[in-house]
>>> print(open('query_19.txt').read())   # compact mmCIF, C-alpha atoms
# COMPACT_ATOMS: atom_id res chain seq x y z
CA MET P 224 42.84 -161.20 92.40
CA LEU P 225 40.87 -163.52 94.60
CA VAL P 226 41.67 -161.17 97.50
CA LEU P 227 40.33 -158.24 95.45
CA THR P 228 37.15 -160.19 94.67
CA ILE P 229 36.64 -160.93 98.38
CA ALA P 230 37.34 -157.27 99.20
CA THR P 231 34.66 -156.29 96.67
CA ALA P 232 32.16 -158.65 98.27
CA LEU P 233 32.93 -157.31 101.77
CA THR P 234 32.64 -153.71 100.54
CA ALA P 235 29.23 -154.45 99.00
CA GLN P 236 28.15 -156.07 102.27
CA PHE P 237 29.39 -153.56 104.84
CA VAL P 238 29.85 -150.18 103.13
CA VAL P 239 26.83 -148.20 101.99
CA GLY P 240 26.00 -145.44 99.54
CA LYS P 241 28.16 -143.77 96.92
CA THR P 242 31.36 -144.64 98.83
CA ALA P 243 30.66 -148.33 98.31
CA ALA P 244 30.11 -147.78 94.57
CA MET P 245 33.38 -145.86 94.23
CA ILE P 246 35.40 -148.50 96.11
CA ILE P 247 33.79 -151.31 94.12
CA LEU P 248 34.56 -149.59 90.81
CA LEU P 249 38.14 -148.97 91.92
CA LEU P 250 38.62 -152.64 92.85
CA ALA P 251 37.05 -153.71 89.52
CA SER P 252 39.45 -151.40 87.67
CA ILE P 253 42.46 -152.92 89.41
CA LYS P 254 41.29 -156.45 88.51
CA PHE P 255 40.60 -155.33 84.93
CA LEU P 256 44.15 -153.97 84.57
CA LEU P 257 45.71 -157.05 86.21
CA VAL P 258 43.90 -159.38 83.78
CA ALA P 259 44.92 -157.23 80.80
CA PHE P 260 48.55 -156.63 81.77
CA GLN P 261 49.35 -159.98 83.41
CA PHE P 262 47.11 -162.64 81.85
CA MET P 263 46.88 -161.02 78.41
CA GLU P 264 50.58 -160.04 78.55
CA LEU P 265 49.79 -156.47 77.56
CA LYS P 266 52.84 -155.41 79.59
CA LYS P 267 54.92 -156.78 76.68
CA ALA P 268 52.92 -154.94 74.03
CA HIS P 269 53.55 -151.66 72.22
CA PRO P 270 52.60 -148.60 74.33
CA PHE P 271 49.77 -147.87 71.86
CA TRP P 272 47.78 -150.89 73.06
CA LYS P 273 48.50 -150.20 76.72
CA GLY P 274 47.42 -146.60 76.28
CA MET P 275 44.24 -147.57 74.43
CA LEU P 276 43.14 -149.97 77.17
CA ILE P 277 43.93 -147.57 80.01
CA THR P 278 42.15 -144.74 78.14
CA PHE P 279 39.06 -146.91 77.68
CA LEU P 280 39.01 -147.85 81.35
CA VAL P 281 39.55 -144.29 82.59
CA PHE P 282 36.77 -142.91 80.37
CA PHE P 283 34.40 -145.70 81.35
CA ILE P 284 34.99 -145.33 85.08
CA LEU P 285 34.92 -141.52 84.94
CA LEU P 286 31.58 -141.58 83.11
CA LEU P 287 30.15 -144.00 85.66
CA VAL P 288 31.42 -141.91 88.59
CA LEU P 289 29.93 -138.74 87.08
CA LEU P 290 26.61 -140.43 86.42
CA LEU P 291 26.42 -141.98 89.88
CA LYS P 292 27.01 -138.67 91.68
CA MET X 222 54.71 -177.24 66.61
CA GLN X 223 55.88 -173.73 66.03
CA THR X 224 56.64 -171.80 69.21
CA THR X 225 58.62 -169.03 67.52
CA LYS X 226 59.06 -165.78 69.41
CA ILE X 227 56.93 -162.85 68.30
CA ASP X 228 58.02 -159.24 68.66
CA TYR X 229 55.20 -157.98 70.90
CA LYS X 230 56.70 -154.50 70.96
CA ASN X 231 55.77 -154.16 67.29
CA VAL X 232 52.47 -152.27 67.22
CA TYR X 233 51.10 -154.69 64.60
CA TYR X 234 51.76 -157.75 66.78
CA PRO X 235 50.14 -157.34 70.21
CA PRO X 236 49.88 -160.60 72.21
CA GLY X 237 46.97 -162.49 70.65
CA GLY X 238 47.16 -160.68 67.33
CA ILE X 239 45.95 -157.33 66.04
CA LEU X 240 42.64 -158.72 64.76
CA LEU X 241 41.74 -160.09 68.19
CA TRP X 242 42.62 -156.80 69.88
CA ILE X 243 40.42 -154.87 67.43
CA ILE X 244 37.61 -157.29 68.32
CA ILE X 245 38.39 -156.91 72.04
CA PHE X 246 38.14 -153.13 71.88
CA LEU X 247 34.91 -153.27 69.86
CA GLU X 248 33.40 -155.64 72.43
CA LEU X 249 34.57 -153.52 75.36
CA LEU X 250 33.08 -150.44 73.69
CA THR X 251 29.78 -152.23 73.05
CA PHE X 252 29.42 -153.55 76.59
CA GLY X 253 30.80 -150.32 78.04
CA ILE X 254 28.27 -148.15 76.22
CA SER X 255 25.48 -150.56 77.21
CA LEU X 256 26.47 -150.31 80.86
CA ILE X 257 26.59 -146.50 80.66
CA VAL X 258 23.10 -146.50 79.11
CA LEU X 259 21.95 -148.78 81.95
CA VAL X 260 23.22 -146.27 84.52
CA VAL X 261 21.60 -143.36 82.62
CA ASN X 262 18.28 -145.27 82.64
CA SER X 263 18.63 -145.85 86.38
CA LYS X 264 18.35 -142.10 86.95
CA GLU X 265 14.68 -142.21 85.89
CA ASN X 266 13.74 -144.65 88.62
CA PRO X 267 16.53 -145.20 91.17
CA ALA X 268 14.24 -147.02 93.60
CA LEU X 269 13.18 -149.56 90.97
CA PHE X 270 16.79 -150.22 90.01
CA HIS X 271 17.80 -150.61 93.65
CA GLU X 272 14.94 -153.03 94.41
CA SER X 273 15.62 -155.00 91.22
CA ARG X 274 19.36 -155.15 91.96
CA LEU X 275 18.53 -156.64 95.37
CA GLU X 276 16.75 -159.50 93.57
CA LEU X 277 20.08 -160.53 92.04
CA ASN X 278 22.33 -162.90 93.93
CA ALA X 279 25.66 -161.10 94.39
CA THR X 280 27.16 -164.24 95.96
CA PHE X 281 26.53 -166.12 92.73
CA GLY X 282 28.11 -163.23 90.86
CA ALA X 283 31.18 -163.29 93.12
CA ILE X 284 31.53 -167.07 92.74
CA ASN X 285 31.29 -166.67 88.97
CA THR X 286 33.98 -164.00 89.13
CA ILE X 287 36.22 -166.49 90.95
CA PHE X 288 35.45 -169.17 88.35
CA LEU X 289 36.39 -166.86 85.48
CA LEU X 290 39.50 -165.41 87.14
CA THR X 291 40.78 -168.87 88.02
CA SER X 292 39.99 -170.06 84.53
CA GLY X 293 41.92 -167.07 83.16
CA ALA X 294 44.92 -167.93 85.32
CA PHE X 295 44.87 -171.48 83.94
CA MET X 296 44.68 -170.14 80.40
CA ALA X 297 47.71 -167.92 81.00
CA ALA X 298 49.53 -170.97 82.41
CA ALA X 299 48.55 -172.98 79.30
CA VAL X 300 50.10 -170.36 77.03
CA HIS X 301 53.24 -170.27 79.15
CA GLN X 302 53.59 -174.07 79.09
CA PHE X 303 53.03 -174.12 75.32
CA LYS X 304 55.86 -171.61 74.84
CA GLN X 305 58.08 -173.85 77.02
CA LYS X 306 57.14 -176.71 74.64
CA GLN X 307 55.45 -178.54 77.54
CA PHE X 308 52.46 -179.55 75.40
CA LYS X 309 50.94 -182.09 77.81
CA LYS X 310 50.95 -179.54 80.63
CA ALA X 311 49.48 -176.97 78.23
CA THR X 312 46.66 -179.40 77.41
CA THR X 313 46.02 -180.02 81.13
CA PHE X 314 45.80 -176.30 81.82
CA MET X 315 43.44 -175.85 78.87
CA ASN X 316 41.21 -178.58 80.32
CA LEU X 317 41.16 -176.70 83.63
CA THR X 318 40.37 -173.48 81.77
CA MET X 319 37.39 -175.13 80.10
CA LEU X 320 36.25 -176.55 83.44
CA GLY X 321 36.13 -173.00 84.83
CA GLY X 322 34.03 -171.93 81.85
CA PHE X 323 31.59 -174.83 82.32
CA LEU X 324 31.25 -174.08 86.03
CA PHE X 325 30.47 -170.47 85.16
CA LEU X 326 27.78 -171.52 82.70
CA MET X 327 26.25 -174.00 85.14
CA LEU X 328 25.94 -171.44 87.90
CA LYS X 329 24.66 -168.85 85.41
CA GLY X 330 22.07 -171.37 84.20
CA PHE X 331 20.93 -172.01 87.77
CA GLU X 332 20.75 -168.26 88.37
CA TYR X 333 18.61 -167.83 85.24
CA TYR X 334 16.31 -170.63 86.42
CA LEU X 335 15.81 -168.88 89.78
CA LYS X 336 15.11 -165.56 88.05
CA ILE X 337 12.48 -167.09 85.77
CA GLU X 338 10.89 -168.91 88.73
CA ALA X 339 10.69 -165.59 90.58
CA GLY X 340 9.04 -163.96 87.57
CA HIS X 341 11.98 -161.70 86.70
CA THR X 342 11.88 -162.18 82.96
CA PHE X 343 13.08 -160.05 80.05
CA GLY X 344 10.08 -157.72 80.08
CA SER X 345 9.67 -157.40 83.87
CA ASN X 346 11.15 -153.93 84.01
CA THR X 347 13.98 -151.86 82.46
CA PHE X 348 16.59 -153.22 84.87
CA PHE X 349 15.80 -156.82 84.08
CA THR X 350 15.70 -156.13 80.34
CA PHE X 351 19.29 -154.90 80.65
CA TYR X 352 20.16 -157.82 82.95
CA TRP X 353 18.97 -160.46 80.48
CA LEU X 354 20.50 -158.70 77.47
CA LEU X 355 23.91 -158.02 79.04
CA THR X 356 24.37 -161.34 80.81
CA GLY X 357 22.85 -163.20 77.85
CA PHE X 358 25.31 -161.70 75.38
CA HIS X 359 28.13 -162.42 77.82
CA VAL X 360 27.03 -166.07 78.09
CA ILE X 361 27.11 -166.31 74.29
CA HIS X 362 30.70 -165.03 74.34
CA VAL X 363 31.65 -167.60 76.98
CA LEU X 364 30.06 -170.36 74.86
CA ILE X 365 31.98 -169.22 71.78
CA GLY X 366 35.12 -169.06 73.91
CA LEU X 367 34.62 -172.67 75.00
CA ILE X 368 34.20 -173.77 71.39
CA ILE X 369 37.41 -171.96 70.44
CA LEU X 370 39.20 -173.53 73.42
CA ALA X 371 38.01 -177.00 72.42
CA THR X 372 39.13 -176.45 68.83
CA THR X 373 42.57 -175.23 69.88
CA LYS X 374 42.95 -178.11 72.35
CA TYR X 375 42.09 -180.55 69.56
CA SER X 376 44.69 -179.08 67.22
CA LEU X 377 47.18 -179.07 70.14
CA LYS X 378 46.67 -182.84 70.41
CA LYS X 379 47.21 -183.16 66.65
CA LYS X 380 50.40 -181.09 67.06
CA LYS X 381 49.16 -178.50 64.56
CA THR X 382 49.01 -175.46 66.84
CA LEU X 383 50.98 -172.28 66.25
CA VAL X 384 51.85 -169.95 69.09
CA GLU X 385 49.64 -167.32 67.44
CA ASP X 386 46.67 -169.71 67.63
CA ILE X 387 46.95 -170.35 71.35
CA GLU X 388 47.61 -166.69 72.10
CA ALA X 389 44.55 -165.64 70.10
CA THR X 390 42.45 -168.26 71.94
CA ALA X 391 43.76 -166.94 75.26
CA ALA X 392 43.06 -163.33 74.28
CA PHE X 393 39.42 -164.14 73.42
CA TRP X 394 38.98 -166.03 76.69
CA HIS X 395 40.49 -163.20 78.74
CA MET X 396 38.17 -160.79 76.91
CA CYS X 397 35.22 -162.70 78.41
CA ASP X 398 36.86 -162.10 81.78
CA LEU X 399 37.33 -158.38 81.11
CA ILE X 400 33.69 -157.96 80.12
CA TRP X 401 32.51 -159.79 83.25
CA LEU X 402 34.75 -157.64 85.47
CA LEU X 403 32.84 -154.58 84.21
CA LEU X 404 29.44 -156.23 84.09
CA PHE X 405 29.40 -157.78 87.58
CA PRO X 406 29.94 -154.64 89.70
CA VAL X 407 27.61 -152.44 87.65
CA LEU X 408 24.71 -154.92 87.44
CA TYR X 409 25.05 -156.69 90.79
CA LEU X 410 26.57 -154.22 93.25
CA ILE X 411 26.26 -150.49 92.69
CA PHE X 412 22.54 -149.73 92.38
>>> encode(input="query_19.txt", output="structure tokens")
Amino acid sequence: MLVLTIATALTAQFVVGKTAAMIILLLASIKFLLVAFQFMELKKAHPFWKGMLITFLVFFILLLVLLLK
Amino acid sequence: MQTTKIDYKNVYYPPGGILLWIIIFLELLTFGISLIVLVVNSKENPALFHESRLELNATFGAINTIFLLTSGAFMAAAVHQFKQKQFKKATTFMNLTMLGGFLFLMLKGFEYYLKIEAGHTFGSNTFFTFYWLLTGFHVIHVLIGLIILATTKYSLKKKKTLVEDIEATAAFWHMCDLIWLLLFPVLYLIF
């Protein structure tokens, strides 16, 4: 996750425009899912909770991507 | 102390408890909608949002991300040690978790000081209104999380903690992490 954070910082520094935003949001999504599934142990939970979290993230990121275009 | 196994596959018993997960989803929805509204507002004046975003210190934001992620890792380790009945190690990891939270707050406080010194206050423009509101509410959550951590650590020392207590504490703390992981890129990086 520290590697992903550094990758985010490098992307913000060296990549410009909408591409940078998309990569940054993708990296944030990966970190988000890692925290939820690993740290919060959601991988052990009922599929309902996994599905809810993934659905939230997908909708949130999709809305952002559509708005940023 | 009770470290009984919980059936996490039961839909009513997600790790941390169903009440906490309802709270987590409500918080994610609240912050998520706020961030979407921020982006919608940016469409009215993209140049202003870009210039205002450049006034934020992304390095501070990245360092704070590292503080919170590391703190989250320590919290996960604390839960694991508690379940292994290694209560002293669990306490040590909880102390490290709280240290991460304090470091976050200290850097955030310094960042706020710099913003005020530069004249970027709540009413400066739309971007900074969102900045102060979103980061301010997040700071409040981190503060509440630290209080909960301290309370759980105290009961851990008194040997009164249930596994549900420490898992709920961990879930709330990780929620602060989740919110920050959405907040940081949208506020600090993409405009």
>>> closest_residue(input="query_19.txt", among="P:Phe237, P:Thr228, P:Leu290, P:Lys267", to="Ala251 (chain P)", atoms="only C-alpha atoms")
P:Thr228
>>> closest_atom_pairs(input="query_19.txt", of="chain X", to="chain P", cutoff="6 Å", atoms="all atoms listed in the file", output="tab-separated table")
residue	atom	partner	partner_atom	distance
X:Tyr229	CA	P:Ala268	CA	4.9
X:Lys230	CA	P:His269	CA	4.4
X:Asn231	CA	P:His269	CA	6.0
X:Val232	CA	P:His269	CA	5.2
X:Pro235	CA	P:Ala268	CA	5.3
X:Ala297	CA	P:Phe262	CA	5.4
X:Leu399	CA	P:Phe255	CA	5.9
X:Ile411	CA	P:Ala244	CA	5.1
>>> residues_around(input="query_19.txt", residues="region 279-282 of chain X", least_positions_apart="4", cutoff="8 Å", atoms="all atoms listed in the file", output="PDB file with C-alpha atoms, keeping the file's coordinate frame")
ATOM      1  CA  ALA P 232      32.160-158.650  98.270  1.00  0.00           C
TER       2      ALA P 232
ATOM      3  CA  THR X 286      33.980-164.000  89.130  1.00  0.00           C
ATOM      4  CA  LEU X 328      25.940-171.440  87.900  1.00  0.00           C
ATOM      5  CA  GLU X 332      20.750-168.260  88.370  1.00  0.00           C
ATOM      6  CA  PHE X 405      29.400-157.780  87.580  1.00  0.00           C
ATOM      7  CA  TYR X 409      25.050-156.690  90.790  1.00  0.00           C
ATOM      8  CA  LEU X 410      26.570-154.220  93.250  1.00  0.00           C
TER       9      LEU X 410
END
>>> residues_around(input="query_19.txt", residues="region 376-388 of chain X", least_positions_apart="3", cutoff="10 Å", atoms="all atoms listed in the file", output="PyMOL selection string")
(chain P and resi 263-264) or (chain X and resi 222-227+234-238+241+296-297+299-301+303-304+308-309+311-312+315+369-373+391-394)
>>> atom_distance(input="query_19.txt", atom1="CA of Ile365 (chain X)", atom2="CA of Ala389 (chain X)")
13.2 Å
>>> closest_residue(input="query_19.txt", among="X:Ile287, X:Gly321, X:Lys306, X:Val258", to="Val226 (chain P)", atoms="only C-alpha atoms")
X:Ile287
>>> residues_around(input="query_19.txt", residues="Leu354 (chain X)", least_positions_apart="2", cutoff="12 Å", atoms="only C-alpha atoms", output="PDB file with C-alpha atoms, keeping the file's coordinate frame")
ATOM      1  CA  PHE X 252      29.420-153.550  76.590  1.00  0.00           C
ATOM      2  CA  SER X 255      25.480-150.560  77.210  1.00  0.00           C
ATOM      3  CA  LEU X 256      26.470-150.310  80.860  1.00  0.00           C
ATOM      4  CA  LEU X 259      21.950-148.780  81.950  1.00  0.00           C
ATOM      5  CA  THR X 342      11.880-162.180  82.960  1.00  0.00           C
ATOM      6  CA  PHE X 343      13.080-160.050  80.050  1.00  0.00           C
ATOM      7  CA  GLY X 344      10.080-157.720  80.080  1.00  0.00           C
ATOM      8  CA  THR X 347      13.980-151.860  82.460  1.00  0.00           C
ATOM      9  CA  PHE X 348      16.590-153.220  84.870  1.00  0.00           C
ATOM     10  CA  PHE X 349      15.800-156.820  84.080  1.00  0.00           C
ATOM     11  CA  THR X 350      15.700-156.130  80.340  1.00  0.00           C
ATOM     12  CA  PHE X 351      19.290-154.900  80.650  1.00  0.00           C
ATOM     13  CA  TYR X 352      20.160-157.820  82.950  1.00  0.00           C
ATOM     14  CA  THR X 356      24.370-161.340  80.810  1.00  0.00           C
ATOM     15  CA  GLY X 357      22.850-163.200  77.850  1.00  0.00           C
ATOM     16  CA  PHE X 358      25.310-161.700  75.380  1.00  0.00           C
ATOM     17  CA  HIS X 359      28.130-162.420  77.820  1.00  0.00           C
ATOM     18  CA  VAL X 360      27.030-166.070  78.090  1.00  0.00           C
ATOM     19  CA  ILE X 361      27.110-166.310  74.290  1.00  0.00           C
ATOM     20  CA  LEU X 404      29.440-156.230  84.090  1.00  0.00           C
ATOM     21  CA  LEU X 408      24.710-154.920  87.440  1.00  0.00           C
TER      22      LEU X 408
END
>>> closest_residue(input="query_19.txt", among="X:Gln305, X:Glu272, X:Asp398, X:Leu317", to="His362 (chain X)", atoms="only C-alpha atoms")
X:Asp398
>>> atom_distance(input="query_19.txt", atom1="CA of Ala283 (chain X)", atom2="CA of Asn316 (chain X)")
22.3 Å
>>> build_atoms(input="query_19.txt", residues="region 268-289 of chain P", atoms="N, CA and C atoms", output="JSON list (two decimals), keeping the file's coordinate frame")
[["chain", "number", "residue", "atom", "x", "y", "z"],
["P", 268, "ALA", "N", 53.39, -155.49, 75.31],
["P", 268, "ALA", "CA", 52.92, -154.94, 74.03],
["P", 268, "ALA", "C", 53.43, -153.51, 73.80],
["P", 269, "HIS", "N", 53.21, -153.03, 72.60],
["P", 269, "HIS", "CA", 53.55, -151.66, 72.22],
["P", 269, "HIS", "C", 52.73, -150.69, 73.08],
["P", 270, "PRO", "N", 53.32, -149.55, 73.49],
["P", 270, "PRO", "CA", 52.60, -148.60, 74.33],
["P", 270, "PRO", "C", 51.24, -148.17, 73.78],
["P", 271, "PHE", "N", 51.06, -148.24, 72.47],
["P", 271, "PHE", "CA", 49.77, -147.87, 71.86],
["P", 271, "PHE", "C", 48.64, -148.69, 72.46],
["P", 272, "TRP", "N", 48.84, -150.00, 72.56],
["P", 272, "TRP", "CA", 47.78, -150.89, 73.06],
["P", 272, "TRP", "C", 47.54, -150.69, 74.55],
["P", 273, "LYS", "N", 48.64, -150.47, 75.29],
["P", 273, "LYS", "CA", 48.50, -150.20, 76.72],
["P", 273, "LYS", "C", 47.71, -148.92, 76.93],
["P", 274, "GLY", "N", 48.08, -147.89, 76.16],
["P", 274, "GLY", "CA", 47.42, -146.60, 76.28],
["P", 274, "GLY", "C", 45.94, -146.67, 75.92],
["P", 275, "MET", "N", 45.64, -147.43, 74.86],
["P", 275, "MET", "CA", 44.24, -147.57, 74.43],
["P", 275, "MET", "C", 43.39, -148.19, 75.53],
["P", 276, "LEU", "N", 43.92, -149.27, 76.14],
["P", 276, "LEU", "CA", 43.14, -149.97, 77.17],
["P", 276, "LEU", "C", 42.95, -149.10, 78.40],
["P", 277, "ILE", "N", 44.02, -148.43, 78.83],
["P", 277, "ILE", "CA", 43.93, -147.57, 80.01],
["P", 277, "ILE", "C", 42.97, -146.41, 79.72],
["P", 278, "THR", "N", 43.05, -145.84, 78.52],
["P", 278, "THR", "CA", 42.15, -144.74, 78.14],
["P", 278, "THR", "C", 40.69, -145.19, 78.18],
["P", 279, "PHE", "N", 40.43, -146.38, 77.64],
["P", 279, "PHE", "CA", 39.06, -146.91, 77.68],
["P", 279, "PHE", "C", 38.57, -147.02, 79.12],
["P", 280, "LEU", "N", 39.41, -147.62, 79.96],
["P", 280, "LEU", "CA", 39.01, -147.85, 81.35],
["P", 280, "LEU", "C", 38.77, -146.53, 82.09],
["P", 281, "VAL", "N", 39.68, -145.59, 81.90],
["P", 281, "VAL", "CA", 39.55, -144.29, 82.59],
["P", 281, "VAL", "C", 38.26, -143.59, 82.16],
["P", 282, "PHE", "N", 38.00, -143.56, 80.85],
["P", 282, "PHE", "CA", 36.77, -142.91, 80.37],
["P", 282, "PHE", "C", 35.53, -143.60, 80.90],
["P", 283, "PHE", "N", 35.55, -144.93, 80.90],
["P", 283, "PHE", "CA", 34.40, -145.70, 81.35],
["P", 283, "PHE", "C", 34.11, -145.44, 82.82],
["P", 284, "ILE", "N", 35.16, -145.52, 83.64],
["P", 284, "ILE", "CA", 34.99, -145.33, 85.08],
["P", 284, "ILE", "C", 34.60, -143.89, 85.39],
["P", 285, "LEU", "N", 35.25, -142.94, 84.71],
["P", 285, "LEU", "CA", 34.92, -141.52, 84.94],
["P", 285, "LEU", "C", 33.46, -141.24, 84.62],
["P", 286, "LEU", "N", 32.98, -141.77, 83.49],
["P", 286, "LEU", "CA", 31.58, -141.58, 83.11],
["P", 286, "LEU", "C", 30.65, -142.16, 84.17],
["P", 287, "LEU", "N", 30.99, -143.37, 84.63],
["P", 287, "LEU", "CA", 30.15, -144.00, 85.66],
["P", 287, "LEU", "C", 30.13, -143.16, 86.93],
["P", 288, "VAL", "N", 31.32, -142.71, 87.35],
["P", 288, "VAL", "CA", 31.42, -141.91, 88.59],
["P", 288, "VAL", "C", 30.59, -140.63, 88.45],
["P", 289, "LEU", "N", 30.70, -139.98, 87.29],
["P", 289, "LEU", "CA", 29.93, -138.74, 87.08],
["P", 289, "LEU", "C", 28.44, -138.99, 87.08]]
